[in-house]
Each structure stands twice: as C-alpha cells, then as structure tokens.
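Some notes on the structure that comes next.
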Amino acid sequence: MGNNELEVIRHSASHVLAQAVKRLYPEVKLAIGPSTEEGFYYDIDRETSFTEEDLVKIEAEMKKVVKENLPIKRKELSRAEALKYFGDKGEIYKVELIGELPENEIISVYEQGEFTDLCRGPHVRYTKEVKAFKLLSATGAYWRGSEKNKMLQRIYGTAFANKEELEAHLKQMEEARQRDHSKLGKELGLYCTNPAIGKGLPLFTPKGATLKRVLIRWIEDEEIKRGYQYTSTPVLAKTDLYKISGHLDHYRDKMFVFNTDEKEEVALRPMTCPYQFMIYKADKHSYKELPIRYAETSLLFRKELSGELHGLIRIWQFTLADAHIICMPSQVAEEFEKVLDLVQYVMKTLGLKDYWYRFSKWDPNKKDKYVDNPKAWEDSQALMKKILDKNKLTYTEAEDEAAFYGPKLDFQMKNVWGKEETMFTIQIDFALPERFDLTYTDNEGKDVRPMVVHRASIGCYERTIAFLIEHYAGAFPTWMSPVQAKILTITNNQDEYAKKIHADLLAADVRCELDLRNEKIGGKIRDARLEKVPYILIIGEQEASGNKVAVRRKGAEDLGPMDYAKFKEMLLAEIKEKRI
RNA sequence: GCUGAUGUAGCUCAGCUGGUAGAGCAACUGAUUCGUAAUCAGUAGGUCACCGGUUCAAUCCCGGUCAUCAGCUCCA
C-alpha cells in the first residue's frame, strides 16, 4: 500500500472520529483533523477534556459509523455558502479557516450521512473502507499551535488498511517503549533523579558517568586530532556579556539570571560562544592563523518550562561538545565540510543510522526572534544550501528553526515515542562576529570580519546517551559499555584465579567486574545478562587449571572455553576498533 | 507554562468505591561450594509522594504542592 492511500484512510478516519464525537457530544466545536505520519488526530473545542471512558464510547460510535457504510461525497461551495453553512452551525473554527483561504481557492466539503466537514480531501468512498483503527490518547493542544490561543482537546488515533497491520503497529509501538531510555536508564543504574534536587537535573551514577566519560574522552581526542584547541571557561558571567551577544534580548526567559550581594546581575551560561570569542579577542589575529577552532566540553544551563523536560533528552543542565570555528568567509565552506565529516564519523562510530538532515532557516516575519539583517540571512542560507547540495545531502527544509544569529544544519532523530529531537547541529553565524567586533588582519593589513561556524559534534552527551540507550536497548557496544566484562566463578575454589584475571584486565584498561558471590552459576549468569554486560567470563575448575575462560558474548552467544590470552587479545582489538 | 494521567517497601505490583497495609524480587543472617537465565530457610524493611481539609475514622473523598509520563508549546 502506498503512503498516499494510507494517508487517505487516516484522514477519513479522522472524519469518522469527528462524526462520532458530534453524535455523542453535539455541543462541541470542531477545529482541524489531519492525518499524521503515525495516524491521525482531531482537535475539538470542548469545555471538559475527554476521559478514557469517553474514548471507549467514541470508538464504539466510530465502529457504528463505519458499519453504516455511509457514502462520502464531495461538494463544492461558494465562499458565501460555506461561511453561512458553518456559521449557522456555530463552527467558529471552520469559519476562521474559510476566511483565510485564498480568494480563488475552491472550497470543498465532504459529506457522510448527517455529518459534513470542511476539507480539501481526498477521502475514501465509503466509511466502510476505514477498516482498522484505534484511538490512542486524548490531550490538550493549542488552537493553531500557539500558546496564546485557547487550548483545545486533541484525540489521537491510528488507522491502517487492515487489522493485521494495525496490530503489528501497536505491537511495535509497545516494543519500542520497552526501550525508553528513562525506564532502561534507571533499571540499568545509569542515572537517577531526586525530587529535592529537582526536575531536569538527573544524577549520573558511576556507570552512567563512565559511559559519559568514555564518550567525552573519545570526542576530545578525536577533535584535537582534527585541529581543534580545547578551552576551559566559566559557567557564570555578568549579564553584560549576554548584552553583547544578544542573548539577553533573544533568550533571557531561557536563562538562569540572578543577583549577587553586590547588586551585580549574573547568569549561568546557555551557550559557550561569548566566552570563546573573548579568548579570541584577547589577542590580535592574522589571516595566517585562521581557521581557529576552539572546542570545549561545555556545561550549559537552559531554563526550559517544566512540561518540556524529559528524561535525559531535555534537561536544565547539560554537557555540550561545543566548538566555534573562526574563519575567513572564504574558508566557511571547507570548514563546514570538515565538520560534516566529523559528525558523520561520530554517527557511524556510535552506530546510529536513523537520522536525517534538517536545513533550518529563519522566518522573515518574526523580527523579534532573529537578528534583523535580511541580506545576511539570504546570503548565509544560500551559502549553506550550496554546501549541502555540493555534498549531495538529502535534507528537509524547516522555516523558523534557525538560531537567532544564523541558519543551521540539524541532525534529527526520533525517540521511542516517535518524537523528533535535534542530535547535533552545525550553524553559520554572520551576526555574532559583528556584535563582538571580532576581527583579523588580512594580507593587506586591514582589519576585517571573520565568520563563525558553531557546531556540536556529538551533541549534548546526556541526550546522545539517551538515544544510545534506546538504540541499543541498553546493550551497548563493548567499547562504550560501562562494564565490558564480568567474571563469574563457579565455586570459591576459583577465586584466586578469577582475581588474577580481573586485575590483569583492569591493568589493560578493560572495565571489568568480579562476581565472587556464593551463588549458583545459573543465577550469576542471569544477573549479568540483566545488566547487559557484553562479555561474561565463566571460570570453573577446568578454566582455572588450564589458563582459560569460558566466554559468553552479548549474554547469549556461547563462545565456549578459550585461552585467556587469546580472549584478551580479541577483546582489546574489539575495544580499540570501537566495533559496534 | 498549558491539557490530562499517574505517585503504596530499593524495584515490579496487590489492596473489594473510607475502619491506620500485603506479595514476588532485591537487601540482611544462616545453611549450601554447585558447570551456563533464579539453591533453601529465616529476618528486617512503609508518616501509603508532601501539606492541608471533610469525617468518630482517610492509602481511599476534596483542595494545594512536588515529582513522573504523554500531548501542546519549546528545543541541544
């Protein structure tokens, strides 16, 4: 079945939903009901929200509508007729929508039985063609997506061509949610939270901190190899700094700002750029030095609204693999491509494949949200587009997603709930160099303006870790696993040999644990498997006397007894190559 | 922040629409020394998220706060 066909079914399902709701609750007003990637929804204005019992009733009514097999008929109306029809019914949202349709647009409605909805279509021909659907949830949603508008009630559902596909989808959703990083992250003991500390402030346990440290060391070393210089700058600054950068104008409600006893206003930093610019400004620079690539494993603070916080994905304090490349305008394209290569290498090494590129542009109508310099926006966006096309990237374009100082290339992924998040980002900045008055001396001895590329190579560690947990369902590749090998003894008689192996692996920088408990081997294996340790080493009398270990890989694959030296060589190679 | 759901032992969950709580796992103690997903027995563990109200009596009803989850908004 093609996507279009599924879209039509889902869109028709949303009409069936609206019809059922209108039958049960005639007083409600209908807003919009589109199909989505995963299903469909309908926004409905109702005084009270829909409960789970309401959804059961509505779903039953929908089944009736389907069973009645009503023909779905398209009609075209004049603007006046349409306004009168929906106006008479008190459908104020439909009236608003009609009012905004372009003059020459054909206004169509779709009729099924007693129910008629404003709609461009297309739809299935009979309601019976909506065969397999399910209502999933009821939540609030702002009219036209703006928090300034009234909050409506949204009912989500999904529909498929047949029952089998619907069941398969529901099962897949359920399985995906088993991988939820906040569930697994706590089960595996990677992080925890505490109400006294507050939301959006997760605590990394030794295991979680190990995973983070492994990633940080890898990225720092890799970037240094690629010509980055690491800085270390304060997380606090006087708000004067953010006046220069423009953050205070564009970003203040997202910053933690407070006063000292001496009446100075200070803020926790939401971004690293101003600090690294000040390092740049501490000296005078020649064009011969450029590009300068300042990197930092940077602790950042952003005050998100409480309802926006989620597990490790959106938090108040996070660690960004941040960098700012200060270069001549003529170097931007090459630097951008180098960053692209780095980020693609990072994704490949992490084993993350299900990402896509989003070219995030400004919205010329939102003057207060973006630096007001239309020409620079057009130029920098054209430049980025040229780079993307030259590198043959397929990307989606998104209006109104840029940073306030320039366009971005975002690496997008979906979490287990299907929610889209930005993993990494590369941005071209034409505005801040001017605000900070960054200059370099060109070959004619004149001071000229450099450009800046902002980028996050592995994104923010917390969020990336969340995605890694979900991608691997907690069973990490050996190189990043907090515990890489666990040694289990069969009886206490092997303790000494096991300790020797343990010490030897630790000495070789293998993260290794020892289970000497007086438990049966089956129980120890079970525990180690639940911890998702990549290598389980079982040591009994035979192994201890023959300098061997019995190896289980990824919990299940039994490699049998092998020479310890051989195992160690294999393990070290796997770690060194960062095999996934 | 907004809409809604949820909050019972470290974890997973019971607790019959008001009469001051129960299981399994984990922990601890003892026994068991065992060959690839749970050895047996015992002990201990709770201001039922927190604060207030209604009631003779609240885990249960009402209000507020905090936290978790989903959605909206937002976003690295």
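Within each chain, counting starts at residue 1; across the structure tokens, chains are named A, B, ... in the order shown, with ligands numbered 1 upward in that order.
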Restrict the distance test to only C-alpha atoms (C1' of nucleotides), flag each residue of chain A within 6 Å of chain B, and return the flagged residues as a ChimeraX atom specification. /A:139-142,147,195,460,491,520,522-523,526
Pick out the residues sitting within 8 Å of range 349-359 of chain A, and hand them over as a list in words; count only C-alpha atoms (C1' of nucleotides), and ignore anything fewer than 5 positions along from it in its own chain.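 Surrounding residues, per the criterion: Leu393, Thr394, Tyr395, Thr396, Glu397, Ala398, Pro407, Lys408, Leu409, Asp410, Phe411, Gln412, Met413, Lys414, Leu468, His471, Lys578, Arg579 and Ile580 of chain A.
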Need the shell around Asn443 in chain A: protein/DNA/RNA residues with any atom at most 10 Å away, counting only C-alpha atoms (C1' of nucleotides). Skip same-chain ones fewer than 3 positions apart. Format as a ChimeraX atom specification? /A:286-288,440,446-447
Selected residues written out, N, CA and C atoms, as a PDB file, in the first residue's frame:
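Ended up saving to out23.pdb:
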```pdb
ATOM      1  N   SER A 286      46.091  37.215  12.808  1.00  0.00           N
ATOM      2  CA  SER A 286      46.388  37.354  11.384  1.00  0.00           C
ATOM      3  C   SER A 286      45.555  36.342  10.598  1.00  0.00           C
ATOM      4  N   TYR A 287      45.339  36.651   9.338  1.00  0.00           N
ATOM      5  CA  TYR A 287      44.619  35.704   8.471  1.00  0.00           C
ATOM      6  C   TYR A 287      45.371  34.384   8.372  1.00  0.00           C
ATOM      7  N   LYS A 288      46.691  34.462   8.660  1.00  0.00           N
ATOM      8  CA  LYS A 288      47.512  33.250   8.557  1.00  0.00           C
ATOM      9  C   LYS A 288      47.169  32.224   9.637  1.00  0.00           C
ATOM     10  N   TYR A 440      40.214  40.002  12.104  1.00  0.00           N
ATOM     11  CA  TYR A 440      41.563  39.504  11.852  1.00  0.00           C
ATOM     12  C   TYR A 440      42.194  40.457  10.834  1.00  0.00           C
ATOM     13  N   LYS A 446      44.565  45.132   6.616  1.00  0.00           N
ATOM     14  CA  LYS A 446      43.306  45.713   7.081  1.00  0.00           C
ATOM     15  C   LYS A 446      42.613  44.763   8.062  1.00  0.00           C
ATOM     16  N   ASP A 447      41.905  45.354   9.038  1.00  0.00           N
ATOM     17  CA  ASP A 447      41.115  44.540   9.957  1.00  0.00           C
ATOM     18  C   ASP A 447      39.786  44.203   9.309  1.00  0.00           C
TER      19      ASP A 447
END
```
Can you list every residue in range 310-514 of chain A that DSSP puts in strand (DSSP E), as a ChimeraX atom specification? /A:317-327,356-360,395-398,408-414,420-429,440-441,447-448,451-460,485-489,512-514
Compile the contact shell of G19 in chain B as a PyMOL selection string: residues with an atom at most 12 Å away, counting only C-alpha atoms (C1' of nucleotides), same-chain residues fewer than 6 positions apart removed. chain B and resi 56-58+60
Which of range 174-271 of chain A end up as alpha helix (DSSP H) when DSSP is run on this backbone - answer as an MDAnalysis selection string? chainID A and resid 174:178 181:187 206:225 239:245 247:251
Excluding U8 in chain B and any residue of its chain fewer than 2 positions from it, enumerate the residues within 10 Å of it, using only C-alpha atoms (C1' of nucleotides), and give them as JSON, numbers by chain. {"B": [13, 14, 15, 21, 46, 48, 49, 59]}
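Distance-wise, CA of Arg23 in chain A and CA of Met62 in chain A end up 9.8 Å apart.
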Within 6 Å of Tyr42 in chain A using only C-alpha atoms (C1' of nucleotides), minus same-chain residues under 5 positions, as a list of chain:residue names: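 Contacts, with the query itself left out: A:Ile32, A:Gly33, A:Arg154, A:Ile155.
Near Leu342 in chain A, within 12 Å and counting only C-alpha atoms (C1' of nucleotides), sit Ile219, Glu222, Glu223, Ile224, Lys225, Arg226, Gly227, Tyr228, Glu335, Phe336, Glu337, Lys338, Val339, Tyr345, Val346, Met347, Lys348, Thr349, Phe424, Thr425, Ile426, Arg455, Ala456, Ser457, Ile458 and Gly459 of chain A, not including residues fewer than 3 positions from it in the same chain.
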From CA of Asp400 in chain A to CA of Ile326 in chain A the spacing works out at 25.1 Å
Report, in Å with one decimal, the straight-line distance from CA of Leu506 in chain A to CA of Leu559 in chain A.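 Interatomic distance here is 21.9 Å.
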